[in-house]
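J.: Would you mind keeping the following structure in view while I ask a few things?
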Amino acid sequence: MGLYMVKKLILSIPLLFVISFLTFILINLSPMDPAEVVLRAQEVPQITEELIAQTREALGLNKPFLNQYTDWLLACLQLDFGDSYVTGESVWSLIGPAFLNTLKLTLVSSAAIIVLSIVLGVNCALREGTLVDQSIRGMSFLLTALPSYWLASIMIWYFSVKLDLLPTSGMESYASYILPVTVISVGYIGIYFRNVRSSMLNQLNEDYVLYGRASGLSEKKITLHILRNSLQVAVSIFCMSIPIILGSTVVIENVFAWPGLGRLSVKSILSRDFPIIQAYVLILAVAFVLFNTVSDIINAALNPKLRKEF
Amino acid sequence: MRIVHNLSKDKLASLSLIIAVAIILVGICAPVFAPHDPNEVNMKLRYAGPSWEYLLGNDHLGRSVLSRLIYGIRPSMLWVLVALGISVGIGSVAGFIAGYFKGKADTVIMRLCDVMLSFPGYVMTLAVVGILGAGLTNIMIAFVVMKWAWFARVIRTSVMQYSEMDYVKFAQACGISHFKIITKHIIPVTLSDIAVIASGSMCSMILQISGLSFLGLGIQAPNAEWGMMLNEARGVMFTRPELMLAPGLAIVIVVSAFNFLADGLQVALDPQLRTSSKKLRTNEVEKSTYEYAGG
């Protein structure tokens, strides 16, 4: 098991390098010269050739390409993502707190998703084909088709404005979490609870369930056995869901004015603040790879069969 | 034609297909169906309620909501279809090369896919839009860049499974050219898998494109787009919440239609699924796993 873990972690290193490289060249794909972007962002009244040349020198854009990359990568490893083109603040001082806020939102949402998906999935599987099962499944189809920002707007309109129960935006109190977390969870629960349900149903037909019944085990105990086995599928999916939610809270954060990564990134896109966009992409892609690796390891810990691949 | 026959047995799926085709047709012939010019500003009719002349009322500039809804089909659905077509095309070529010829080409293509898929979907789109600038074309570029790898991987798995079959080996032994084997013997059987994942990812793409327009990163004013209409309606959400209704419902209907269609197609293309419920379940797991990983 220890060997497997080490191998998995080592295997993710080349991928991380490729990701960092891609993120780096992303900026060079821009149709605009970064130096010009900086000058425009700082609202320099007259942009002359000379000024652009000066800025290029200051930004280190005249160095050979690979040198630029290694400099950038070494700085990134020390959490120095450069300075914002617009405000001149260091990117980390902007993105760090934002990342934390998004992480909080993500973790609370994931917890809600995990609990509700398991509760719904298990209940539907045990009542397969009944009205409860079918209506919950029908609902889940509808919920995955709802645009999240539409649901968010409707909820703000109803709960915050009409009933005046919850705050419309920001993250001042615990009550601020309720609406965004609900909106984020709703779409994912629709997908994940079907996974839990399906894996439960697959287990129901296994021999050990029949054997358990034959030897007079109580239904409660059998259910617990099934649950333990069927959760394997769920665990890997949940592990992978965390980075996905982390990257897709963008719209929700903007609707609820949540001071997180999503809001920061959209703001930077509109003002063409490249270092922030770059840091945003890099941080989320690295988080994605790391979470995937961790989920592989957890899976292998739960299911020894998977370890044989290596 | 077996597919059409099977699909017609599934009422929900055929209804979804009819809805999808009807909406696409209305979108293509938008000038015929739209009662007014979608960009015609009429300040006298600001926030007017539904009337016989303006069936769904007017927005904050007095423009006809119905006409904007109809013209909105174009970016919200037709351009998404185009982006989908391109990414399926690229994905298929890569997937067929990797799955049929295997070897080095396979390794290279799959490593490339691994890298592309290690960026979460939404982040990749935002990154491309962030660098190239806001706008519909750039979102479509982002979609193609992001989705092709996904299709390539799924199509490769499907192709591999069929290229191992005896009839393909037999054709190879007879000396039939690879190109002919692929077009005559493999494409027809893999088409079903391609159709299922394509209609499934149509849903997520429609939701994403409207979400980006909602944020102001997509199509630019004054063009009509559903997400954008919702964004405009959001400004007056507290006084005129009814303006959020029509575009939101349009998205829900279209996405549900494609959702049900994807499910129906899966059963129609492989009727065994209907009888063996166990296989259907494993498929359901796989499908939803695709869905979420596709972002």
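Every chain in the structure tokens takes a letter, A first, then B, and so on in the order presented; its residues are numbered from 1, and the ligands are numbered from 1 following the presented order.
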So which bits of region 58-175 of chain B end up helix (DSSP H, G or I) when you DSSP the backbone, as a PyMOL selection string?
T.: chain B and resi 65-101+103-117+121-132+136-163+166-173
J.: Can you pull out every residue within 10 Å of Ser148 (chain A), counting only C-alpha atoms, but drop anything in the same chain fewer than 2 positions away, and send it as a list in words?
T.: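 Within the cut-off, the hits are Leu143, Thr144, Ala145, Leu146, Trp150, Leu151, Ala152, Ser153, Ile154, Pro180, Val183, Ile184, Ser185, Val186, Gly187, Thr249, Val251, Ile252 and Val255 of chain A; Leu207, Gln208 and Gly211 of chain B.
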J.: Those same residues, written as a short mmCIF file (atom, residue, chain, number, x, y, z; two decimals), in the first residue's frame with all heavy atoms?
T.:
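What follows is the written file selection24.cif:
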data_model
loop_
_atom_site.label_atom_id
_atom_site.label_comp_id
_atom_site.auth_asym_id
_atom_site.auth_seq_id
_atom_site.Cartn_x
_atom_site.Cartn_y
_atom_site.Cartn_z
N LEU A 143 -33.73 18.87 -11.69
CA LEU A 143 -32.79 19.73 -10.97
C LEU A 143 -31.46 19.86 -11.70
O LEU A 143 -30.84 20.92 -11.69
CB LEU A 143 -32.55 19.21 -9.55
CG LEU A 143 -33.74 19.40 -8.61
CD1 LEU A 143 -33.44 18.81 -7.26
CD2 LEU A 143 -34.09 20.86 -8.48
N THR A 144 -31.01 18.76 -12.38
CA THR A 144 -29.75 18.90 -13.10
C THR A 144 -29.92 19.79 -14.33
O THR A 144 -28.94 20.29 -14.87
CB THR A 144 -29.19 17.54 -13.55
OG1 THR A 144 -30.26 16.76 -14.07
CG2 THR A 144 -28.54 16.80 -12.41
N ALA A 145 -31.16 19.98 -14.78
CA ALA A 145 -31.38 20.81 -15.95
C ALA A 145 -31.53 22.29 -15.58
O ALA A 145 -31.56 23.14 -16.45
CB ALA A 145 -32.62 20.34 -16.71
N LEU A 146 -31.64 22.60 -14.29
CA LEU A 146 -31.83 23.99 -13.87
C LEU A 146 -30.52 24.76 -13.98
O LEU A 146 -29.51 24.31 -13.46
CB LEU A 146 -32.25 24.05 -12.40
CG LEU A 146 -33.71 23.88 -12.04
CD1 LEU A 146 -33.86 24.06 -10.54
CD2 LEU A 146 -34.56 24.87 -12.76
N TRP A 150 -30.02 30.80 -12.31
CA TRP A 150 -31.46 31.08 -12.35
C TRP A 150 -32.08 30.70 -11.02
O TRP A 150 -32.81 31.48 -10.40
CB TRP A 150 -32.10 30.30 -13.50
CG TRP A 150 -33.49 30.70 -13.82
CD1 TRP A 150 -33.93 31.96 -14.09
CD2 TRP A 150 -34.63 29.84 -13.91
NE1 TRP A 150 -35.28 31.93 -14.35
CE2 TRP A 150 -35.73 30.65 -14.25
CE3 TRP A 150 -34.84 28.47 -13.74
CZ2 TRP A 150 -37.02 30.13 -14.42
CZ3 TRP A 150 -36.10 27.96 -13.92
CH2 TRP A 150 -37.18 28.78 -14.25
N LEU A 151 -31.76 29.49 -10.58
CA LEU A 151 -32.24 29.02 -9.28
C LEU A 151 -31.80 30.00 -8.19
O LEU A 151 -32.58 30.38 -7.31
CB LEU A 151 -31.68 27.63 -9.01
CG LEU A 151 -32.15 26.95 -7.73
CD1 LEU A 151 -33.62 26.63 -7.83
CD2 LEU A 151 -31.36 25.68 -7.48
N ALA A 152 -30.54 30.44 -8.27
CA ALA A 152 -30.01 31.35 -7.26
C ALA A 152 -30.81 32.65 -7.24
O ALA A 152 -31.20 33.13 -6.18
CB ALA A 152 -28.54 31.64 -7.56
N SER A 153 -31.07 33.19 -8.45
CA SER A 153 -31.81 34.45 -8.49
C SER A 153 -33.21 34.29 -7.93
O SER A 153 -33.71 35.15 -7.19
CB SER A 153 -31.90 34.95 -9.94
OG SER A 153 -30.63 34.97 -10.51
N ILE A 154 -33.85 33.17 -8.28
CA ILE A 154 -35.21 32.95 -7.78
C ILE A 154 -35.19 32.83 -6.26
O ILE A 154 -36.04 33.39 -5.56
CB ILE A 154 -35.81 31.67 -8.42
CG1 ILE A 154 -36.06 31.92 -9.91
CG2 ILE A 154 -37.11 31.29 -7.72
CD1 ILE A 154 -36.57 30.73 -10.64
N PRO A 180 -26.17 30.02 -1.04
CA PRO A 180 -25.20 29.49 -2.01
C PRO A 180 -25.00 27.98 -1.88
O PRO A 180 -24.94 27.29 -2.90
CB PRO A 180 -23.90 30.23 -1.66
CG PRO A 180 -24.24 31.31 -0.74
CD PRO A 180 -25.61 31.12 -0.23
N VAL A 183 -27.88 26.12 -3.49
CA VAL A 183 -27.88 26.16 -4.96
C VAL A 183 -26.79 25.26 -5.52
O VAL A 183 -27.02 24.51 -6.47
CB VAL A 183 -27.70 27.61 -5.45
CG1 VAL A 183 -27.57 27.64 -6.95
CG2 VAL A 183 -28.86 28.46 -5.01
N ILE A 184 -25.59 25.31 -4.92
CA ILE A 184 -24.50 24.47 -5.44
C ILE A 184 -24.86 22.99 -5.27
O ILE A 184 -24.69 22.18 -6.18
CB ILE A 184 -23.17 24.77 -4.71
CG1 ILE A 184 -22.71 26.17 -5.08
CG2 ILE A 184 -22.10 23.76 -5.08
CD1 ILE A 184 -21.51 26.64 -4.29
N SER A 185 -25.38 22.64 -4.08
CA SER A 185 -25.63 21.22 -3.80
C SER A 185 -26.69 20.63 -4.71
O SER A 185 -26.55 19.49 -5.16
CB SER A 185 -26.08 21.05 -2.35
OG SER A 185 -25.27 21.77 -1.50
N VAL A 186 -27.75 21.39 -4.96
CA VAL A 186 -28.90 20.85 -5.67
C VAL A 186 -28.51 20.14 -6.97
O VAL A 186 -28.89 18.99 -7.20
CB VAL A 186 -29.93 21.97 -5.93
CG1 VAL A 186 -30.79 21.65 -7.12
CG2 VAL A 186 -30.79 22.18 -4.71
N GLY A 187 -27.70 20.80 -7.80
CA GLY A 187 -27.33 20.20 -9.07
C GLY A 187 -26.53 18.92 -8.90
O GLY A 187 -26.76 17.93 -9.58
N THR A 249 -17.71 27.21 -8.91
CA THR A 249 -18.55 28.09 -8.09
C THR A 249 -18.61 29.49 -8.68
O THR A 249 -19.23 30.37 -8.12
CB THR A 249 -17.98 28.21 -6.67
OG1 THR A 249 -16.63 28.58 -6.76
CG2 THR A 249 -18.11 26.93 -5.89
N VAL A 251 -20.12 31.09 -11.14
CA VAL A 251 -21.37 31.77 -11.38
C VAL A 251 -22.06 32.10 -10.05
O VAL A 251 -22.52 33.23 -9.82
CB VAL A 251 -22.29 30.90 -12.26
CG1 VAL A 251 -23.58 31.62 -12.54
CG2 VAL A 251 -21.59 30.56 -13.55
N ILE A 252 -22.09 31.10 -9.16
CA ILE A 252 -22.76 31.29 -7.88
C ILE A 252 -22.12 32.42 -7.08
O ILE A 252 -22.80 33.26 -6.49
CB ILE A 252 -22.72 29.98 -7.07
CG1 ILE A 252 -23.40 28.86 -7.84
CG2 ILE A 252 -23.35 30.13 -5.71
CD1 ILE A 252 -24.83 29.13 -8.17
N VAL A 255 -23.29 35.69 -8.34
CA VAL A 255 -24.68 36.03 -8.01
C VAL A 255 -24.79 36.46 -6.55
O VAL A 255 -25.46 37.43 -6.23
CB VAL A 255 -25.62 34.83 -8.28
CG1 VAL A 255 -27.03 35.16 -7.86
CG2 VAL A 255 -25.59 34.45 -9.74
N LEU B 207 -25.78 24.85 -20.60
CA LEU B 207 -25.78 25.49 -19.28
C LEU B 207 -24.55 26.38 -19.12
O LEU B 207 -24.64 27.48 -18.56
CB LEU B 207 -25.81 24.43 -18.17
CG LEU B 207 -27.16 23.75 -17.95
CD1 LEU B 207 -27.04 22.64 -16.93
CD2 LEU B 207 -28.19 24.76 -17.50
N GLN B 208 -23.41 25.91 -19.61
CA GLN B 208 -22.19 26.71 -19.43
C GLN B 208 -22.21 27.98 -20.26
O GLN B 208 -21.84 29.04 -19.78
CB GLN B 208 -20.97 25.89 -19.82
CG GLN B 208 -20.45 25.08 -18.67
CD GLN B 208 -19.08 24.51 -18.98
OE1 GLN B 208 -18.35 25.03 -19.81
NE2 GLN B 208 -18.75 23.44 -18.31
N GLY B 211 -24.40 30.40 -18.74
CA GLY B 211 -23.80 30.87 -17.50
C GLY B 211 -22.74 31.93 -17.77
O GLY B 211 -22.68 32.95 -17.08
#
J.: If you count only C-alpha atoms, which residues fall within 10 Å of region 168-183 of chain B, apart from same-chain ones fewer than 3 positions away, as an mmCIF file with all heavy atoms, in the first residue's frame?
T.:
data_model
loop_
_atom_site.group_PDB
_atom_site.id
_atom_site.type_symbol
_atom_site.label_atom_id
_atom_site.label_comp_id
_atom_site.auth_asym_id
_atom_site.auth_seq_id
_atom_site.Cartn_x
_atom_site.Cartn_y
_atom_site.Cartn_z
ATOM 1 N N PHE B 96 -10.283 7.514 -33.090
ATOM 2 C CA PHE B 96 -10.161 6.400 -34.038
ATOM 3 C C PHE B 96 -8.705 6.047 -34.269
ATOM 4 O O PHE B 96 -8.343 4.870 -34.304
ATOM 5 C CB PHE B 96 -10.843 6.753 -35.372
ATOM 6 C CG PHE B 96 -12.296 6.382 -35.385
ATOM 7 C CD1 PHE B 96 -13.277 7.314 -35.116
ATOM 8 C CD2 PHE B 96 -12.691 5.069 -35.619
ATOM 9 C CE1 PHE B 96 -14.609 6.965 -35.100
ATOM 10 C CE2 PHE B 96 -14.033 4.715 -35.613
ATOM 11 C CZ PHE B 96 -14.991 5.672 -35.346
ATOM 12 N N ILE B 97 -7.870 7.074 -34.398
ATOM 13 C CA ILE B 97 -6.444 6.786 -34.600
ATOM 14 C C ILE B 97 -5.902 6.022 -33.398
ATOM 15 O O ILE B 97 -5.230 4.999 -33.530
ATOM 16 C CB ILE B 97 -5.652 8.096 -34.818
ATOM 17 C CG1 ILE B 97 -6.049 8.710 -36.162
ATOM 18 C CG2 ILE B 97 -4.153 7.825 -34.786
ATOM 19 C CD1 ILE B 97 -5.467 10.075 -36.411
ATOM 20 N N TYR B 100 -7.807 2.437 -33.017
ATOM 21 C CA TYR B 100 -7.678 1.451 -34.095
ATOM 22 C C TYR B 100 -6.225 1.077 -34.338
ATOM 23 O O TYR B 100 -5.888 -0.094 -34.427
ATOM 24 C CB TYR B 100 -8.318 1.977 -35.376
ATOM 25 C CG TYR B 100 -8.313 0.964 -36.496
ATOM 26 C CD1 TYR B 100 -9.285 -0.043 -36.525
ATOM 27 C CD2 TYR B 100 -7.360 0.993 -37.498
ATOM 28 C CE1 TYR B 100 -9.285 -0.986 -37.528
ATOM 29 C CE2 TYR B 100 -7.356 0.052 -38.501
ATOM 30 C CZ TYR B 100 -8.317 -0.946 -38.522
ATOM 31 O OH TYR B 100 -8.311 -1.881 -39.504
ATOM 32 N N PHE B 101 -5.351 2.082 -34.425
ATOM 33 C CA PHE B 101 -3.964 1.778 -34.744
ATOM 34 C C PHE B 101 -3.133 1.463 -33.507
ATOM 35 O O PHE B 101 -2.093 0.851 -33.606
ATOM 36 C CB PHE B 101 -3.346 2.922 -35.545
ATOM 37 C CG PHE B 101 -3.998 3.109 -36.879
ATOM 38 C CD1 PHE B 101 -4.841 4.176 -37.124
ATOM 39 C CD2 PHE B 101 -3.796 2.183 -37.889
ATOM 40 C CE1 PHE B 101 -5.462 4.326 -38.353
ATOM 41 C CE2 PHE B 101 -4.406 2.338 -39.125
ATOM 42 C CZ PHE B 101 -5.248 3.407 -39.352
ATOM 43 N N VAL B 159 -13.986 2.319 -29.797
ATOM 44 C CA VAL B 159 -13.355 1.776 -31.002
ATOM 45 C C VAL B 159 -12.530 0.535 -30.657
ATOM 46 O O VAL B 159 -12.573 -0.474 -31.355
ATOM 47 C CB VAL B 159 -12.453 2.835 -31.667
ATOM 48 C CG1 VAL B 159 -11.614 2.222 -32.776
ATOM 49 C CG2 VAL B 159 -13.293 3.958 -32.236
ATOM 50 N N TYR B 162 -14.489 -2.605 -30.423
ATOM 51 C CA TYR B 162 -14.963 -3.182 -31.683
ATOM 52 C C TYR B 162 -13.823 -3.650 -32.564
ATOM 53 O O TYR B 162 -13.976 -4.604 -33.322
ATOM 54 C CB TYR B 162 -15.834 -2.178 -32.437
ATOM 55 C CG TYR B 162 -17.152 -1.942 -31.756
ATOM 56 C CD1 TYR B 162 -17.436 -0.730 -31.153
ATOM 57 C CD2 TYR B 162 -18.106 -2.955 -31.692
ATOM 58 C CE1 TYR B 162 -18.637 -0.525 -30.504
ATOM 59 C CE2 TYR B 162 -19.306 -2.756 -31.044
ATOM 60 C CZ TYR B 162 -19.568 -1.541 -30.456
ATOM 61 O OH TYR B 162 -20.758 -1.341 -29.807
ATOM 62 N N SER B 163 -12.664 -2.968 -32.466
ATOM 63 C CA SER B 163 -11.595 -3.355 -33.380
ATOM 64 C C SER B 163 -10.987 -4.704 -32.969
ATOM 65 O O SER B 163 -10.199 -5.281 -33.698
ATOM 66 C CB SER B 163 -10.513 -2.278 -33.450
ATOM 67 O OG SER B 163 -9.913 -2.133 -32.193
ATOM 68 N N GLU B 164 -11.351 -5.193 -31.793
ATOM 69 C CA GLU B 164 -10.878 -6.506 -31.358
ATOM 70 C C GLU B 164 -11.807 -7.622 -31.849
ATOM 71 O O GLU B 164 -11.517 -8.795 -31.674
ATOM 72 C CB GLU B 164 -10.825 -6.560 -29.826
ATOM 73 C CG GLU B 164 -9.747 -5.692 -29.220
ATOM 74 C CD GLU B 164 -8.362 -6.183 -29.569
ATOM 75 O OE1 GLU B 164 -8.116 -7.384 -29.377
ATOM 76 O OE2 GLU B 164 -7.556 -5.374 -30.059
ATOM 77 N N MET B 165 -12.961 -7.246 -32.407
ATOM 78 C CA MET B 165 -13.959 -8.254 -32.761
ATOM 79 C C MET B 165 -13.518 -9.095 -33.961
ATOM 80 O O MET B 165 -12.753 -8.643 -34.806
ATOM 81 C CB MET B 165 -15.286 -7.565 -33.064
ATOM 82 C CG MET B 165 -15.903 -6.963 -31.828
ATOM 83 S SD MET B 165 -17.658 -7.151 -31.891
ATOM 84 C CE MET B 165 -18.077 -6.729 -30.211
ATOM 85 N N ILE B 186 -16.451 -0.052 -38.507
ATOM 86 C CA ILE B 186 -16.331 0.446 -37.133
ATOM 87 C C ILE B 186 -17.182 1.686 -36.901
ATOM 88 O O ILE B 186 -17.891 1.765 -35.903
ATOM 89 C CB ILE B 186 -14.854 0.701 -36.758
ATOM 90 C CG1 ILE B 186 -14.096 -0.629 -36.890
ATOM 91 C CG2 ILE B 186 -14.750 1.185 -35.322
ATOM 92 C CD1 ILE B 186 -12.681 -0.576 -36.470
ATOM 93 N N ILE B 187 -17.151 2.638 -37.808
ATOM 94 C CA ILE B 187 -17.942 3.856 -37.595
ATOM 95 C C ILE B 187 -19.427 3.551 -37.320
ATOM 96 O O ILE B 187 -20.002 4.072 -36.372
ATOM 97 C CB ILE B 187 -17.758 4.858 -38.755
ATOM 98 C CG1 ILE B 187 -16.357 5.457 -38.675
ATOM 99 C CG2 ILE B 187 -18.796 5.977 -38.702
ATOM 100 C CD1 ILE B 187 -16.060 6.530 -39.686
ATOM 101 N N PRO B 188 -20.068 2.677 -38.123
ATOM 102 C CA PRO B 188 -21.495 2.442 -37.866
ATOM 103 C C PRO B 188 -21.793 1.941 -36.448
ATOM 104 O O PRO B 188 -22.781 2.354 -35.855
ATOM 105 C CB PRO B 188 -21.869 1.388 -38.903
ATOM 106 C CG PRO B 188 -20.876 1.527 -39.982
ATOM 107 C CD PRO B 188 -19.613 1.953 -39.311
#
J.: Could you list the residues in chain B lying within 9 Å of chain A, using only C-alpha atoms, and format the result as an MDAnalysis selection string?
T.: chainID B and resid 114:116 118:124 126:134 203:204 207:208 210:212 214:217 227 230 234 237:238 241 244:245 248:249 251:256 259:260 278 281:282 284:286 288:289 291:293 295
J.: Can you work out which one of B:Arg63, B:Ile24, B:Ala198, B:Ile209 has the shortest atom-to-atom distance to Asn42 (chain B), counting only C-alpha atoms?
T.: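 That would be B:Arg63, the residue with the smallest distance to Asn42 (chain B).
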J.: Give me, as a ChimeraX atom specification, all polymer residues having an atom no more than 12 Å from Asn299 (chain A), counting only C-alpha atoms and skipping those fewer than 4 positions away in the same chain.
T.: /A:1,4-5,229,231-240,292-295,303-307
J.: If we count only C-alpha atoms, what is near Lys104 (chain A) at a cut-off of 12 Å, once residues fewer than 2 positions away on the same chain are taken out, given as number ranges by chain?
T.: A: 97-102, 106-111, 171, 174, 177, 180-181, 242, 245-246, 249, 258-261
J.: Please save C-alpha atoms of the selected residues as an mmCIF file, in the first residue's frame.
T.:
data_model
loop_
_atom_site.group_PDB
_atom_site.id
_atom_site.type_symbol
_atom_site.label_atom_id
_atom_site.label_comp_id
_atom_site.auth_asym_id
_atom_site.auth_seq_id
_atom_site.Cartn_x
_atom_site.Cartn_y
_atom_site.Cartn_z
ATOM 1 C CA PRO A 97 -7.985 34.975 1.003
ATOM 2 C CA ALA A 98 -10.269 34.455 -2.012
ATOM 3 C CA PHE A 99 -9.138 30.851 -2.281
ATOM 4 C CA LEU A 100 -9.892 30.314 1.390
ATOM 5 C CA ASN A 101 -13.397 31.726 1.003
ATOM 6 C CA THR A 102 -14.093 29.517 -1.981
ATOM 7 C CA THR A 106 -16.820 24.181 -1.367
ATOM 8 C CA LEU A 107 -16.280 22.143 1.774
ATOM 9 C CA VAL A 108 -19.641 23.050 3.277
ATOM 10 C CA SER A 109 -21.342 22.264 -0.034
ATOM 11 C CA SER A 110 -19.494 18.962 -0.400
ATOM 12 C CA ALA A 111 -20.545 17.951 3.082
ATOM 13 C CA MET A 171 -20.429 36.259 3.737
ATOM 14 C CA TYR A 174 -23.480 31.677 8.936
ATOM 15 C CA TYR A 177 -23.934 30.152 3.590
ATOM 16 C CA PRO A 180 -25.199 29.489 -2.007
ATOM 17 C CA VAL A 181 -24.692 26.065 -0.477
ATOM 18 C CA ILE A 242 -14.397 18.696 -4.424
ATOM 19 C CA ILE A 245 -17.001 22.309 -7.291
ATOM 20 C CA LEU A 246 -13.994 24.437 -6.409
ATOM 21 C CA THR A 249 -18.548 28.091 -8.091
ATOM 22 C CA TRP A 258 -19.197 35.833 -2.428
ATOM 23 C CA PRO A 259 -15.661 37.227 -2.047
ATOM 24 C CA GLY A 260 -14.021 34.106 -3.500
ATOM 25 C CA LEU A 261 -11.922 32.895 -6.416
#
J.: Please provide the set of residues having any atom within 12 Å of region 48-54 of chain B, restricted to only C-alpha atoms, with same-chain residues fewer than 5 positions apart removed, written as a short mmCIF file (atom, residue, chain, number, x, y, z; two decimals) with N, CA, C and O atoms, in the first residue's frame.
T.:
data_model
loop_
_atom_site.label_atom_id
_atom_site.label_comp_id
_atom_site.auth_asym_id
_atom_site.auth_seq_id
_atom_site.Cartn_x
_atom_site.Cartn_y
_atom_site.Cartn_z
N ALA B 34 -40.05 35.29 -35.43
CA ALA B 34 -40.04 36.41 -34.49
C ALA B 34 -41.02 37.49 -34.94
O ALA B 34 -40.94 37.95 -36.08
N PRO B 35 -41.94 37.89 -34.08
CA PRO B 35 -42.93 38.88 -34.47
C PRO B 35 -42.33 40.28 -34.63
O PRO B 35 -42.86 41.11 -35.36
N HIS B 36 -41.24 40.58 -33.92
CA HIS B 36 -40.65 41.91 -33.99
C HIS B 36 -39.15 41.79 -34.18
O HIS B 36 -38.58 40.73 -34.03
N ASP B 37 -38.52 42.93 -34.45
CA ASP B 37 -37.07 42.98 -34.49
C ASP B 37 -36.57 42.87 -33.04
O ASP B 37 -37.00 43.64 -32.19
N PRO B 38 -35.65 41.92 -32.76
CA PRO B 38 -35.24 41.72 -31.37
C PRO B 38 -34.48 42.91 -30.78
O PRO B 38 -34.39 43.05 -29.57
N ASN B 42 -38.04 50.42 -27.80
CA ASN B 42 -39.29 51.16 -27.77
C ASN B 42 -39.54 51.62 -26.34
O ASN B 42 -40.15 50.92 -25.54
N MET B 43 -38.99 52.79 -26.00
CA MET B 43 -38.98 53.22 -24.60
C MET B 43 -40.38 53.40 -24.02
O MET B 43 -40.57 53.37 -22.81
N ASP B 59 -38.92 44.12 -22.38
CA ASP B 59 -37.87 44.22 -21.36
C ASP B 59 -37.55 45.67 -20.99
O ASP B 59 -38.32 46.57 -21.31
N HIS B 60 -36.39 45.88 -20.35
CA HIS B 60 -36.09 47.21 -19.82
C HIS B 60 -35.87 48.25 -20.90
O HIS B 60 -35.81 49.44 -20.61
N LEU B 61 -35.71 47.83 -22.15
CA LEU B 61 -35.58 48.81 -23.23
C LEU B 61 -36.81 48.77 -24.14
O LEU B 61 -36.79 49.31 -25.23
N GLY B 62 -37.83 48.08 -23.68
CA GLY B 62 -39.05 47.98 -24.47
C GLY B 62 -38.92 47.03 -25.65
O GLY B 62 -39.72 47.06 -26.58
N ARG B 63 -37.91 46.16 -25.62
CA ARG B 63 -37.76 45.21 -26.73
C ARG B 63 -38.67 44.00 -26.49
O ARG B 63 -38.95 43.65 -25.34
N SER B 64 -39.09 43.38 -27.58
CA SER B 64 -40.01 42.24 -27.46
C SER B 64 -39.29 41.04 -26.86
O SER B 64 -38.29 40.56 -27.40
N VAL B 65 -39.78 40.54 -25.72
CA VAL B 65 -39.13 39.42 -25.06
C VAL B 65 -39.23 38.16 -25.91
O VAL B 65 -38.26 37.40 -26.04
N LEU B 66 -40.38 37.95 -26.56
CA LEU B 66 -40.55 36.75 -27.38
C LEU B 66 -39.55 36.74 -28.53
O LEU B 66 -38.89 35.72 -28.80
N SER B 67 -39.40 37.86 -29.21
CA SER B 67 -38.46 37.91 -30.33
C SER B 67 -37.04 37.66 -29.87
O SER B 67 -36.27 36.96 -30.51
N ARG B 68 -36.70 38.24 -28.72
CA ARG B 68 -35.35 38.04 -28.19
C ARG B 68 -35.13 36.59 -27.81
O ARG B 68 -34.05 36.04 -28.00
N ARG B 240 -39.22 43.62 -11.06
CA ARG B 240 -39.85 42.89 -12.17
C ARG B 240 -39.36 41.45 -12.22
O ARG B 240 -38.67 41.07 -13.17
N PRO B 241 -39.63 40.66 -11.20
CA PRO B 241 -39.10 39.28 -11.21
C PRO B 241 -39.62 38.44 -12.38
O PRO B 241 -38.99 37.48 -12.79
N GLU B 242 -40.78 38.83 -12.95
CA GLU B 242 -41.36 38.00 -14.02
C GLU B 242 -40.49 37.96 -15.28
O GLU B 242 -40.59 37.03 -16.07
N LEU B 243 -39.58 38.94 -15.43
CA LEU B 243 -38.73 38.93 -16.62
C LEU B 243 -37.73 37.76 -16.60
O LEU B 243 -37.16 37.39 -17.61
N ALA B 246 -39.24 33.66 -18.54
CA ALA B 246 -39.22 33.08 -19.89
C ALA B 246 -37.85 32.51 -20.27
O ALA B 246 -37.76 31.34 -20.64
#
J.: Need the shell around Gln68 (chain A): protein/DNA/RNA residues with any atom at most 10 Å away, counting only C-alpha atoms. Skip same-chain ones fewer than 6 positions apart. Format as a list in words?
T.: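 Listed by chain and then number, they are Phe24, Leu59, Gly60, Leu61 and Asn62 of chain A.
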J.: How far is it from CA of Ile226 (chain A) to CA of Glu206 (chain A), in Å with one decimal?
T.: 9.3 Å
J.: To one decimal place, how far is CA of Phe291 (chain A) from CA of Gly121 (chain A) in Å?
T.: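 Result for CA of Phe291 (chain A) versus CA of Gly121 (chain A): 23.8 Å, one decimal.
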J.: Which of these, B:Val4, B:Cys29, B:Val21, B:Leu15, has the shortest distance to Ser192 (chain B) once you count only C-alpha atoms?
T.: B:Val4
J.: Could you tell me which of B:Met205, B:Ala195, B:Ile73, B:Met160 comes closest to Val267 (chain B) if we count only C-alpha atoms?
T.: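 Selected residue with least distance to Val267 (chain B): B:Ala195.
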